[in-house]
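Colleague: Input file: coords.txt. Contents: compact mmCIF, N, CA and C atoms and all ligand atoms.
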```txt
# COMPACT_ATOMS: atom_id res chain seq x y z
N MET A 35 -16.41 4.38 -29.71
CA MET A 35 -16.99 4.62 -28.39
C MET A 35 -17.16 3.30 -27.65
N THR A 36 -16.61 3.23 -26.45
CA THR A 36 -16.85 2.02 -25.66
C THR A 36 -18.18 2.18 -24.91
N ASN A 37 -18.75 1.08 -24.57
CA ASN A 37 -20.03 1.14 -23.86
C ASN A 37 -19.88 0.80 -22.39
N ARG A 38 -18.64 0.94 -21.91
CA ARG A 38 -18.41 0.62 -20.50
C ARG A 38 -17.92 1.85 -19.74
N THR A 39 -18.31 1.90 -18.50
CA THR A 39 -17.73 2.92 -17.62
C THR A 39 -17.50 2.32 -16.24
N PHE A 40 -16.80 3.09 -15.43
CA PHE A 40 -16.44 2.63 -14.10
C PHE A 40 -17.06 3.57 -13.06
N ALA A 41 -17.63 2.98 -12.03
CA ALA A 41 -18.30 3.76 -10.98
C ALA A 41 -17.82 3.32 -9.61
N ILE A 42 -17.87 4.24 -8.67
CA ILE A 42 -17.65 3.89 -7.26
C ILE A 42 -18.80 4.50 -6.45
N ILE A 43 -19.40 3.70 -5.58
CA ILE A 43 -20.25 4.25 -4.53
C ILE A 43 -19.29 4.54 -3.37
N LYS A 44 -19.09 5.82 -3.11
CA LYS A 44 -18.00 6.26 -2.22
C LYS A 44 -18.36 6.03 -0.74
N PRO A 45 -17.33 6.09 0.14
CA PRO A 45 -17.55 5.78 1.55
C PRO A 45 -18.64 6.61 2.24
N ASP A 46 -18.82 7.87 1.85
CA ASP A 46 -19.88 8.67 2.50
C ASP A 46 -21.26 8.09 2.21
N ALA A 47 -21.47 7.66 0.97
CA ALA A 47 -22.78 7.10 0.59
C ALA A 47 -23.04 5.79 1.34
N ILE A 48 -21.99 4.99 1.49
CA ILE A 48 -22.15 3.72 2.21
C ILE A 48 -22.44 3.99 3.69
N LYS A 49 -21.64 4.88 4.28
CA LYS A 49 -21.83 5.21 5.72
C LYS A 49 -23.21 5.78 5.98
N ASN A 50 -23.72 6.54 5.02
CA ASN A 50 -25.04 7.18 5.21
C ASN A 50 -26.20 6.25 4.85
N GLY A 51 -25.88 4.99 4.55
CA GLY A 51 -26.95 4.02 4.29
C GLY A 51 -27.58 4.15 2.92
N ASN A 52 -26.84 4.74 1.97
CA ASN A 52 -27.42 4.98 0.64
C ASN A 52 -26.97 3.99 -0.44
N THR A 53 -26.29 2.92 -0.05
CA THR A 53 -25.77 1.97 -1.04
C THR A 53 -26.89 1.44 -1.95
N GLY A 54 -27.96 0.96 -1.34
CA GLY A 54 -29.06 0.38 -2.10
C GLY A 54 -29.76 1.40 -2.97
N LYS A 55 -29.90 2.62 -2.44
CA LYS A 55 -30.58 3.67 -3.22
C LYS A 55 -29.77 4.05 -4.45
N VAL A 56 -28.43 4.15 -4.28
CA VAL A 56 -27.59 4.49 -5.43
C VAL A 56 -27.58 3.33 -6.43
N TYR A 57 -27.49 2.11 -5.92
CA TYR A 57 -27.52 0.92 -6.79
C TYR A 57 -28.81 0.91 -7.62
N ASP A 58 -29.91 1.26 -6.97
CA ASP A 58 -31.19 1.30 -7.67
C ASP A 58 -31.20 2.36 -8.77
N ARG A 59 -30.57 3.52 -8.50
CA ARG A 59 -30.48 4.57 -9.54
C ARG A 59 -29.73 4.04 -10.77
N ILE A 60 -28.71 3.22 -10.51
CA ILE A 60 -27.92 2.65 -11.61
C ILE A 60 -28.83 1.78 -12.49
N LEU A 61 -29.62 0.94 -11.84
CA LEU A 61 -30.52 0.04 -12.58
C LEU A 61 -31.65 0.83 -13.25
N GLN A 62 -32.18 1.83 -12.54
CA GLN A 62 -33.26 2.66 -13.11
C GLN A 62 -32.79 3.39 -14.36
N ALA A 63 -31.50 3.72 -14.40
CA ALA A 63 -30.94 4.42 -15.58
C ALA A 63 -30.53 3.43 -16.68
N ASP A 64 -30.92 2.16 -16.50
CA ASP A 64 -30.72 1.14 -17.54
C ASP A 64 -29.27 0.72 -17.78
N PHE A 65 -28.42 0.88 -16.76
CA PHE A 65 -27.07 0.32 -16.87
C PHE A 65 -27.13 -1.16 -16.53
N LYS A 66 -26.32 -1.95 -17.22
CA LYS A 66 -26.12 -3.34 -16.81
C LYS A 66 -24.90 -3.37 -15.90
N ILE A 67 -24.99 -4.15 -14.82
CA ILE A 67 -23.86 -4.29 -13.90
C ILE A 67 -23.01 -5.45 -14.40
N LEU A 68 -21.82 -5.15 -14.88
CA LEU A 68 -20.92 -6.22 -15.35
C LEU A 68 -20.22 -6.88 -14.17
N SER A 69 -20.00 -6.09 -13.13
CA SER A 69 -19.41 -6.61 -11.90
C SER A 69 -19.53 -5.55 -10.82
N ALA A 70 -19.60 -6.00 -9.58
CA ALA A 70 -19.67 -5.06 -8.45
C ALA A 70 -19.03 -5.73 -7.25
N LYS A 71 -18.24 -4.99 -6.52
CA LYS A 71 -17.74 -5.55 -5.25
C LYS A 71 -17.58 -4.49 -4.18
N LEU A 72 -17.88 -4.94 -2.98
CA LEU A 72 -17.69 -4.12 -1.80
C LEU A 72 -16.25 -4.32 -1.36
N MET A 73 -15.55 -3.23 -1.09
CA MET A 73 -14.14 -3.35 -0.69
C MET A 73 -13.77 -2.16 0.18
N LYS A 74 -12.62 -2.26 0.81
CA LYS A 74 -12.07 -1.08 1.50
C LYS A 74 -10.70 -0.84 0.90
N MET A 75 -10.55 0.29 0.23
CA MET A 75 -9.26 0.60 -0.41
C MET A 75 -8.20 0.90 0.63
N THR A 76 -6.99 0.48 0.32
CA THR A 76 -5.87 0.97 1.12
C THR A 76 -5.55 2.39 0.66
N LEU A 77 -4.80 3.12 1.48
CA LEU A 77 -4.38 4.46 1.06
C LEU A 77 -3.57 4.37 -0.23
N LYS A 78 -2.74 3.37 -0.35
CA LYS A 78 -1.92 3.19 -1.55
C LYS A 78 -2.79 2.98 -2.79
N GLN A 79 -3.82 2.16 -2.66
CA GLN A 79 -4.73 1.95 -3.80
C GLN A 79 -5.41 3.26 -4.21
N ALA A 80 -5.88 4.01 -3.20
CA ALA A 80 -6.55 5.28 -3.50
C ALA A 80 -5.57 6.25 -4.18
N GLU A 81 -4.33 6.26 -3.72
CA GLU A 81 -3.31 7.14 -4.34
C GLU A 81 -3.02 6.71 -5.77
N GLY A 82 -3.02 5.40 -6.01
CA GLY A 82 -2.79 4.91 -7.38
C GLY A 82 -3.97 5.23 -8.27
N PHE A 83 -5.16 5.00 -7.77
CA PHE A 83 -6.37 5.23 -8.57
C PHE A 83 -6.50 6.70 -8.96
N TYR A 84 -6.22 7.60 -8.01
CA TYR A 84 -6.38 9.04 -8.26
C TYR A 84 -5.04 9.70 -8.62
N GLY A 85 -4.12 8.92 -9.17
CA GLY A 85 -2.78 9.43 -9.51
C GLY A 85 -2.78 10.70 -10.34
N VAL A 86 -3.77 10.88 -11.23
CA VAL A 86 -3.81 12.10 -12.07
C VAL A 86 -3.99 13.36 -11.22
N HIS A 87 -4.50 13.20 -10.00
CA HIS A 87 -4.75 14.36 -9.15
C HIS A 87 -3.63 14.59 -8.12
N ARG A 88 -2.51 13.87 -8.29
CA ARG A 88 -1.43 13.90 -7.29
C ARG A 88 -0.99 15.33 -6.91
N GLU A 89 -0.95 16.23 -7.90
CA GLU A 89 -0.46 17.59 -7.64
C GLU A 89 -1.56 18.53 -7.12
N ARG A 90 -2.78 18.06 -7.05
CA ARG A 90 -3.88 18.94 -6.64
C ARG A 90 -3.87 19.11 -5.12
N PRO A 91 -4.30 20.30 -4.64
CA PRO A 91 -4.26 20.56 -3.19
C PRO A 91 -5.13 19.60 -2.37
N PHE A 92 -6.15 19.03 -3.01
CA PHE A 92 -7.08 18.16 -2.27
C PHE A 92 -6.70 16.69 -2.32
N PHE A 93 -5.52 16.37 -2.89
CA PHE A 93 -5.13 14.96 -3.08
C PHE A 93 -5.11 14.17 -1.76
N GLY A 94 -4.53 14.77 -0.73
CA GLY A 94 -4.44 14.08 0.57
C GLY A 94 -5.82 13.83 1.17
N GLU A 95 -6.62 14.88 1.13
CA GLU A 95 -7.99 14.79 1.66
C GLU A 95 -8.78 13.71 0.90
N LEU A 96 -8.65 13.71 -0.42
CA LEU A 96 -9.39 12.78 -1.27
C LEU A 96 -8.98 11.33 -1.02
N THR A 97 -7.69 11.08 -0.96
CA THR A 97 -7.23 9.69 -0.82
C THR A 97 -7.47 9.18 0.60
N THR A 98 -7.38 10.07 1.60
CA THR A 98 -7.72 9.68 2.98
C THR A 98 -9.20 9.32 3.06
N PHE A 99 -10.04 10.15 2.47
CA PHE A 99 -11.48 9.88 2.46
C PHE A 99 -11.80 8.56 1.74
N MET A 100 -11.21 8.36 0.57
CA MET A 100 -11.55 7.18 -0.23
C MET A 100 -11.08 5.87 0.43
N SER A 101 -10.10 5.98 1.33
CA SER A 101 -9.62 4.78 2.03
C SER A 101 -10.16 4.72 3.47
N SER A 102 -11.13 5.59 3.78
CA SER A 102 -11.62 5.70 5.17
C SER A 102 -12.67 4.66 5.54
N GLY A 103 -13.25 4.01 4.54
CA GLY A 103 -14.32 3.05 4.83
C GLY A 103 -14.63 2.25 3.59
N ALA A 104 -15.63 1.40 3.71
CA ALA A 104 -16.00 0.56 2.58
C ALA A 104 -16.53 1.41 1.43
N CYS A 105 -16.28 0.94 0.23
CA CYS A 105 -16.90 1.53 -0.95
C CYS A 105 -17.34 0.37 -1.85
N MET A 106 -18.13 0.69 -2.88
CA MET A 106 -18.48 -0.35 -3.85
C MET A 106 -17.98 0.09 -5.22
N VAL A 107 -17.15 -0.77 -5.83
CA VAL A 107 -16.65 -0.49 -7.18
C VAL A 107 -17.51 -1.27 -8.18
N LEU A 108 -17.82 -0.64 -9.30
CA LEU A 108 -18.71 -1.27 -10.29
C LEU A 108 -18.23 -1.02 -11.71
N ALA A 109 -18.33 -2.05 -12.53
CA ALA A 109 -18.14 -1.90 -13.97
C ALA A 109 -19.53 -1.90 -14.60
N LEU A 110 -19.84 -0.84 -15.35
CA LEU A 110 -21.19 -0.65 -15.89
C LEU A 110 -21.18 -0.68 -17.41
N GLU A 111 -22.28 -1.13 -17.96
CA GLU A 111 -22.41 -1.18 -19.42
C GLU A 111 -23.71 -0.51 -19.86
N LYS A 112 -23.58 0.31 -20.88
CA LYS A 112 -24.74 0.95 -21.50
C LYS A 112 -24.23 1.62 -22.77
N GLU A 113 -25.08 1.87 -23.73
CA GLU A 113 -24.64 2.62 -24.89
C GLU A 113 -24.20 4.02 -24.43
N ASN A 114 -23.06 4.46 -24.90
CA ASN A 114 -22.53 5.78 -24.52
C ASN A 114 -22.38 5.91 -22.99
N ALA A 115 -21.81 4.85 -22.40
CA ALA A 115 -21.81 4.70 -20.94
C ALA A 115 -21.15 5.85 -20.18
N VAL A 116 -20.00 6.32 -20.65
CA VAL A 116 -19.27 7.36 -19.90
C VAL A 116 -20.12 8.61 -19.75
N ALA A 117 -20.64 9.11 -20.86
CA ALA A 117 -21.45 10.34 -20.82
C ALA A 117 -22.76 10.11 -20.08
N GLU A 118 -23.37 8.97 -20.30
CA GLU A 118 -24.65 8.67 -19.64
C GLU A 118 -24.49 8.62 -18.12
N TRP A 119 -23.39 8.01 -17.67
CA TRP A 119 -23.18 7.91 -16.22
C TRP A 119 -22.84 9.27 -15.62
N ARG A 120 -22.04 10.08 -16.33
CA ARG A 120 -21.73 11.43 -15.82
C ARG A 120 -23.02 12.23 -15.69
N GLU A 121 -23.93 12.04 -16.63
CA GLU A 121 -25.21 12.76 -16.55
C GLU A 121 -26.05 12.27 -15.35
N THR A 122 -26.00 10.97 -15.12
CA THR A 122 -26.77 10.38 -14.01
C THR A 122 -26.24 10.84 -12.65
N ILE A 123 -24.92 11.03 -12.55
CA ILE A 123 -24.36 11.40 -11.24
C ILE A 123 -24.39 12.92 -10.99
N GLY A 124 -24.31 13.74 -12.02
CA GLY A 124 -24.34 15.19 -11.85
C GLY A 124 -22.97 15.79 -11.61
N ALA A 125 -22.95 17.10 -11.43
CA ALA A 125 -21.70 17.86 -11.30
C ALA A 125 -20.90 17.44 -10.08
N THR A 126 -19.58 17.64 -10.16
CA THR A 126 -18.66 17.26 -9.07
C THR A 126 -19.11 17.88 -7.75
N ASN A 127 -19.42 19.20 -7.79
CA ASN A 127 -19.90 19.88 -6.59
C ASN A 127 -21.42 19.74 -6.51
N PRO A 128 -21.92 19.08 -5.46
CA PRO A 128 -23.37 18.84 -5.38
C PRO A 128 -24.20 20.13 -5.45
N LYS A 129 -23.58 21.26 -5.08
CA LYS A 129 -24.31 22.54 -5.17
C LYS A 129 -24.62 22.89 -6.62
N ASP A 130 -23.80 22.38 -7.55
CA ASP A 130 -24.01 22.66 -8.97
C ASP A 130 -24.77 21.54 -9.69
N ALA A 131 -25.06 20.45 -8.96
CA ALA A 131 -25.66 19.27 -9.60
C ALA A 131 -27.15 19.50 -9.87
N GLU A 132 -27.59 19.01 -11.02
CA GLU A 132 -29.00 19.14 -11.42
C GLU A 132 -29.91 18.33 -10.50
N ASP A 133 -31.14 18.76 -10.37
CA ASP A 133 -32.16 18.00 -9.64
C ASP A 133 -32.27 16.60 -10.22
N GLY A 134 -32.42 15.62 -9.33
CA GLY A 134 -32.61 14.24 -9.79
C GLY A 134 -31.32 13.48 -10.02
N THR A 135 -30.17 14.17 -9.92
CA THR A 135 -28.90 13.45 -10.07
C THR A 135 -28.49 12.83 -8.73
N ILE A 136 -27.63 11.85 -8.81
CA ILE A 136 -27.21 11.13 -7.59
C ILE A 136 -26.48 12.06 -6.63
N ARG A 137 -25.59 12.89 -7.18
CA ARG A 137 -24.84 13.79 -6.29
C ARG A 137 -25.75 14.84 -5.65
N LYS A 138 -26.71 15.32 -6.39
CA LYS A 138 -27.67 16.30 -5.83
C LYS A 138 -28.38 15.67 -4.63
N ASP A 139 -28.77 14.42 -4.78
CA ASP A 139 -29.61 13.78 -3.76
C ASP A 139 -28.81 13.13 -2.62
N PHE A 140 -27.57 12.70 -2.88
CA PHE A 140 -26.86 11.91 -1.86
C PHE A 140 -25.49 12.45 -1.44
N ALA A 141 -24.92 13.43 -2.17
CA ALA A 141 -23.57 13.89 -1.81
C ALA A 141 -23.58 14.63 -0.48
N THR A 142 -22.47 14.51 0.23
CA THR A 142 -22.30 15.19 1.50
C THR A 142 -21.68 16.57 1.28
N SER A 143 -20.69 16.65 0.39
CA SER A 143 -19.94 17.88 0.14
C SER A 143 -19.19 17.73 -1.18
N LEU A 144 -18.44 18.76 -1.57
CA LEU A 144 -17.64 18.69 -2.80
C LEU A 144 -16.67 17.50 -2.75
N GLY A 145 -16.02 17.31 -1.62
CA GLY A 145 -15.07 16.20 -1.50
C GLY A 145 -15.77 14.86 -1.34
N GLU A 146 -16.78 14.83 -0.51
CA GLU A 146 -17.49 13.57 -0.20
C GLU A 146 -18.79 13.58 -1.00
N ASN A 147 -18.63 13.25 -2.29
CA ASN A 147 -19.74 13.47 -3.22
C ASN A 147 -20.37 12.17 -3.74
N ALA A 148 -20.42 11.18 -2.88
CA ALA A 148 -21.26 9.98 -3.05
C ALA A 148 -20.83 8.98 -4.12
N VAL A 149 -20.40 9.47 -5.28
CA VAL A 149 -20.08 8.55 -6.38
C VAL A 149 -18.93 9.06 -7.24
N HIS A 150 -18.30 8.10 -7.92
CA HIS A 150 -17.28 8.40 -8.93
C HIS A 150 -17.81 8.00 -10.30
N GLY A 151 -17.35 8.70 -11.32
CA GLY A 151 -17.61 8.29 -12.70
C GLY A 151 -16.42 8.60 -13.57
N SER A 152 -16.08 7.69 -14.47
CA SER A 152 -14.97 7.91 -15.39
C SER A 152 -15.26 9.13 -16.28
N ASP A 153 -14.17 9.79 -16.73
CA ASP A 153 -14.35 10.99 -17.55
C ASP A 153 -14.08 10.78 -19.03
N SER A 154 -13.63 9.59 -19.42
CA SER A 154 -13.38 9.32 -20.84
C SER A 154 -13.39 7.81 -21.05
N ASP A 155 -13.55 7.40 -22.31
CA ASP A 155 -13.54 5.96 -22.62
C ASP A 155 -12.21 5.34 -22.21
N GLU A 156 -11.12 6.07 -22.51
CA GLU A 156 -9.78 5.55 -22.20
C GLU A 156 -9.63 5.34 -20.69
N ASN A 157 -10.03 6.33 -19.91
CA ASN A 157 -9.92 6.19 -18.45
C ASN A 157 -10.89 5.14 -17.91
N ALA A 158 -12.05 5.00 -18.52
CA ALA A 158 -13.00 3.97 -18.08
C ALA A 158 -12.35 2.59 -18.16
N GLU A 159 -11.69 2.31 -19.27
CA GLU A 159 -11.05 0.99 -19.43
C GLU A 159 -9.93 0.80 -18.42
N LYS A 160 -9.13 1.87 -18.21
CA LYS A 160 -8.03 1.80 -17.23
C LYS A 160 -8.57 1.58 -15.82
N GLU A 161 -9.64 2.29 -15.50
CA GLU A 161 -10.19 2.23 -14.14
C GLU A 161 -10.86 0.87 -13.87
N ILE A 162 -11.56 0.34 -14.88
CA ILE A 162 -12.14 -1.01 -14.72
C ILE A 162 -11.01 -2.01 -14.46
N ALA A 163 -9.94 -1.89 -15.25
CA ALA A 163 -8.82 -2.83 -15.13
C ALA A 163 -8.07 -2.68 -13.81
N PHE A 164 -8.17 -1.48 -13.20
CA PHE A 164 -7.51 -1.25 -11.91
C PHE A 164 -8.13 -2.12 -10.81
N PHE A 165 -9.43 -2.38 -10.92
CA PHE A 165 -10.13 -3.12 -9.85
C PHE A 165 -10.67 -4.49 -10.26
N PHE A 166 -10.80 -4.74 -11.57
CA PHE A 166 -11.38 -6.01 -12.01
C PHE A 166 -10.49 -6.68 -13.04
N SER A 167 -10.46 -8.01 -12.97
CA SER A 167 -9.86 -8.75 -14.07
C SER A 167 -10.97 -8.99 -15.09
N GLU A 168 -10.59 -9.17 -16.35
CA GLU A 168 -11.58 -9.32 -17.43
C GLU A 168 -12.53 -10.49 -17.14
N SER A 169 -12.01 -11.53 -16.51
CA SER A 169 -12.85 -12.72 -16.25
C SER A 169 -13.92 -12.46 -15.18
N GLU A 170 -13.78 -11.38 -14.43
CA GLU A 170 -14.80 -11.04 -13.43
C GLU A 170 -15.99 -10.30 -14.04
N LEU A 171 -15.84 -9.83 -15.28
CA LEU A 171 -16.90 -9.03 -15.90
C LEU A 171 -17.86 -9.97 -16.60
N ILE A 172 -19.14 -9.83 -16.26
CA ILE A 172 -20.14 -10.74 -16.80
C ILE A 172 -20.53 -10.29 -18.21
N SER A 173 -20.45 -11.20 -19.12
CA SER A 173 -20.79 -10.86 -20.50
C SER A 173 -22.29 -10.94 -20.69
N ASN A 174 -22.85 -9.94 -21.33
CA ASN A 174 -24.29 -9.94 -21.62
C ASN A 174 -24.56 -10.36 -23.05
N LYS A 175 -23.52 -10.81 -23.73
CA LYS A 175 -23.69 -11.18 -25.15
C LYS A 175 -24.17 -12.61 -25.27
P1 LIG A 201 -15.17 14.10 -10.77
O1 LIG A 201 -15.23 13.06 -9.66
O2 LIG A 201 -16.51 14.77 -10.96
O3 LIG A 201 -14.61 13.56 -12.05
P2 LIG A 201 -12.61 15.40 -10.32
O4 LIG A 201 -12.31 16.84 -10.67
O5 LIG A 201 -12.03 14.33 -11.18
O6 LIG A 201 -14.21 15.27 -10.25
O7 LIG A 201 -12.16 15.19 -8.83
C1 LIG A 201 -12.08 13.89 -8.28
C2 LIG A 201 -12.69 13.91 -6.90
O8 LIG A 201 -11.89 14.71 -6.05
C3 LIG A 201 -14.09 14.55 -6.80
O9 LIG A 201 -15.13 13.65 -7.14
C4 LIG A 201 -14.14 14.94 -5.33
O10 LIG A 201 -14.40 13.79 -4.51
C5 LIG A 201 -12.70 15.37 -5.08
N1 LIG A 201 -12.53 16.81 -5.24
C6 LIG A 201 -12.53 17.52 -6.39
N2 LIG A 201 -12.32 18.83 -6.16
C7 LIG A 201 -12.16 18.95 -4.82
C8 LIG A 201 -11.90 20.08 -3.95
O11 LIG A 201 -11.77 21.22 -4.38
N3 LIG A 201 -11.80 19.79 -2.61
C9 LIG A 201 -11.95 18.52 -2.11
N4 LIG A 201 -12.17 17.45 -2.89
C10 LIG A 201 -12.29 17.66 -4.23
MG MG A 202 -12.72 12.88 -12.49
```
Would you mind writing the structure in this file as structure tokens?

Modeller:
Amino acid sequence: MTNRTFAIIKPDAIKNGNTGKVYDRILQADFKILSAKLMKMTLKQAEGFYGVHRERPFFGELTTFMSSGACMVLALEKENAVAEWRETIGATNPKDAEDGTIRKDFATSLGENAVHGSDSDENAEKEIAFFFSESELISNK
């Protein structure tokens, strides 16, 4: 089990002024921030990042949204990070998200759902590497 996961504070959360609130939830949940950067994805980057969803009907909507404004990408560390972060963010559709989760409190809609979280250790490593070089990740050891 790796102890790293990858997160994005999505453009809706940034536009709605929730960057600091979401960042605080990350710290309150005891994640260490290995690296964080504010960026604006190109459409090509969004298409590459979400490549597994290429055949899905919402692919165009998703990649247009993700490249529509600034987002914050983060590499996070915690024991059992992937599962812990998925629990902290809640279900994909905010209508199904538990009380107290980030998506319940900050998501705009199913598509514009405030945050991203990796779904497996393997994808977490790939996703971190998509946006960060290893030397950008701060070691806590
Ligand atoms: P996840 O982000 O909870 O892992 P995925 O199924 O991997 O959910 O979908 C990736 C992202 O695509 C979601 O977070 C959401 O932004 C968007 N998405 C998923 N399903 C739909 C949909 O039915 N319509 C529009 N956007 C969707
Ligand atoms: Mg996913």

Colleague: Can you work out which residues are within 6.5 Å of ligand MG 202 (chain A), considering all atoms listed in the file, and then hand them over as a CSV table (one decimal) with N, CA and C atoms, keeping the file's coordinate frame?

Modeller:
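Contents of selection29.csv, as written:
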```csv
chain,number,residue,atom,x,y,z
A,151,GLY,N,-17.4,8.7,-11.3
A,151,GLY,CA,-17.6,8.3,-12.7
A,151,GLY,C,-16.4,8.6,-13.6
A,152,SER,N,-16.1,7.7,-14.5
A,152,SER,CA,-15.0,7.9,-15.4
A,152,SER,C,-15.3,9.1,-16.3
A,153,ASP,N,-14.2,9.8,-16.7
A,153,ASP,CA,-14.4,11.0,-17.6
A,153,ASP,C,-14.1,10.8,-19.0
```

Colleague: Identify, counting only C-alpha atoms and all ligand atoms, the protein, DNA and RNA residues located within 10 Å of ligand LIG 201 (chain A), and give them as a PyMOL selection string.

Modeller: chain A and resi 41-42+44+84+86-87+90-97+99-100+120+123-128+137+141+143-154

Colleague: Give the alpha helix (DSSP H) residues of chain A, as assigned by DSSP on the backbone, as an MDAnalysis selection string.

Modeller: chainID A and resid 45:49 53:62 77:83 93:100 115:123 136:140 155:165

Colleague: What does the distance from atom C of Lys112 of chain A to atom N of Leu68 of chain A come to in Å, to one decimal?

Modeller: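 Interatomic distance here is 10.7 Å.
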
Colleague: Running DSSP on the backbone, which parts of chain A land in strand (DSSP E), as a PyMOL selection string?

Modeller: chain A and resi 38-43+66-73+105-111+149-151

Colleague: Considering all atoms listed in the file, can you say which of A:Ala104, A:Val116, A:Asp133, A:Phe164 comes closest to Ala47 of chain A?

Modeller: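 Using all atoms listed in the file, Ala47 of chain A sits closest to A:Ala104.
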
Colleague: Using only C-alpha atoms, which of A:Glu81, A:Glu89, A:Asp155, A:Asp139 sits nearest Ala117 of chain A?

Modeller: A:Asp155

Colleague: May I ask for the distance between atom N of Phe40 of chain A and atom C of Asp64 of chain A, given in Å to one decimal place?

Modeller: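 Distance reported for this atom pair: 12.9 Å.
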
Colleague: Could you work out how far atom C of Ser169 of chain A lies from atom C of Leu61 of chain A, giving the answer in Å with one decimal?

Modeller: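 Distance between the two atoms: 22.2 Å.
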
Colleague: Can you tell me which residues surround Thr122 of chain A at a distance of at most 8 Å, considering only C-alpha atoms, apart from same-chain residues fewer than 2 positions away, and format the answer as a ChimeraX atom specification?

Modeller: /A:63,118-120,124,135-136

Colleague: Could you list, as a ChimeraX atom specification, every residue within 6.5 Å of Gly103 of chain A, counting only N, CA and C atoms and ignoring same-chain residues fewer than 2 positions away?

Modeller: /A:45,73-75,99-101,105

Colleague: Using only C-alpha atoms, which protein or nucleic acid residues come within 6 Å of Thr39 of chain A? Drop anything in the same chain fewer than 6 positions from it, and give the result as a VMD selection string.

Modeller: chain A and resid 110 115 to 116 158

Colleague: Could you check the closest approach to Lys55 of chain A for each of A:Ile43, A:Ala131, A:Ile67, A:Leu72 and tell me which residue wins, using only C-alpha atoms?

Modeller: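 For Lys55 of chain A, the nearest of the candidates is A:Ile43.
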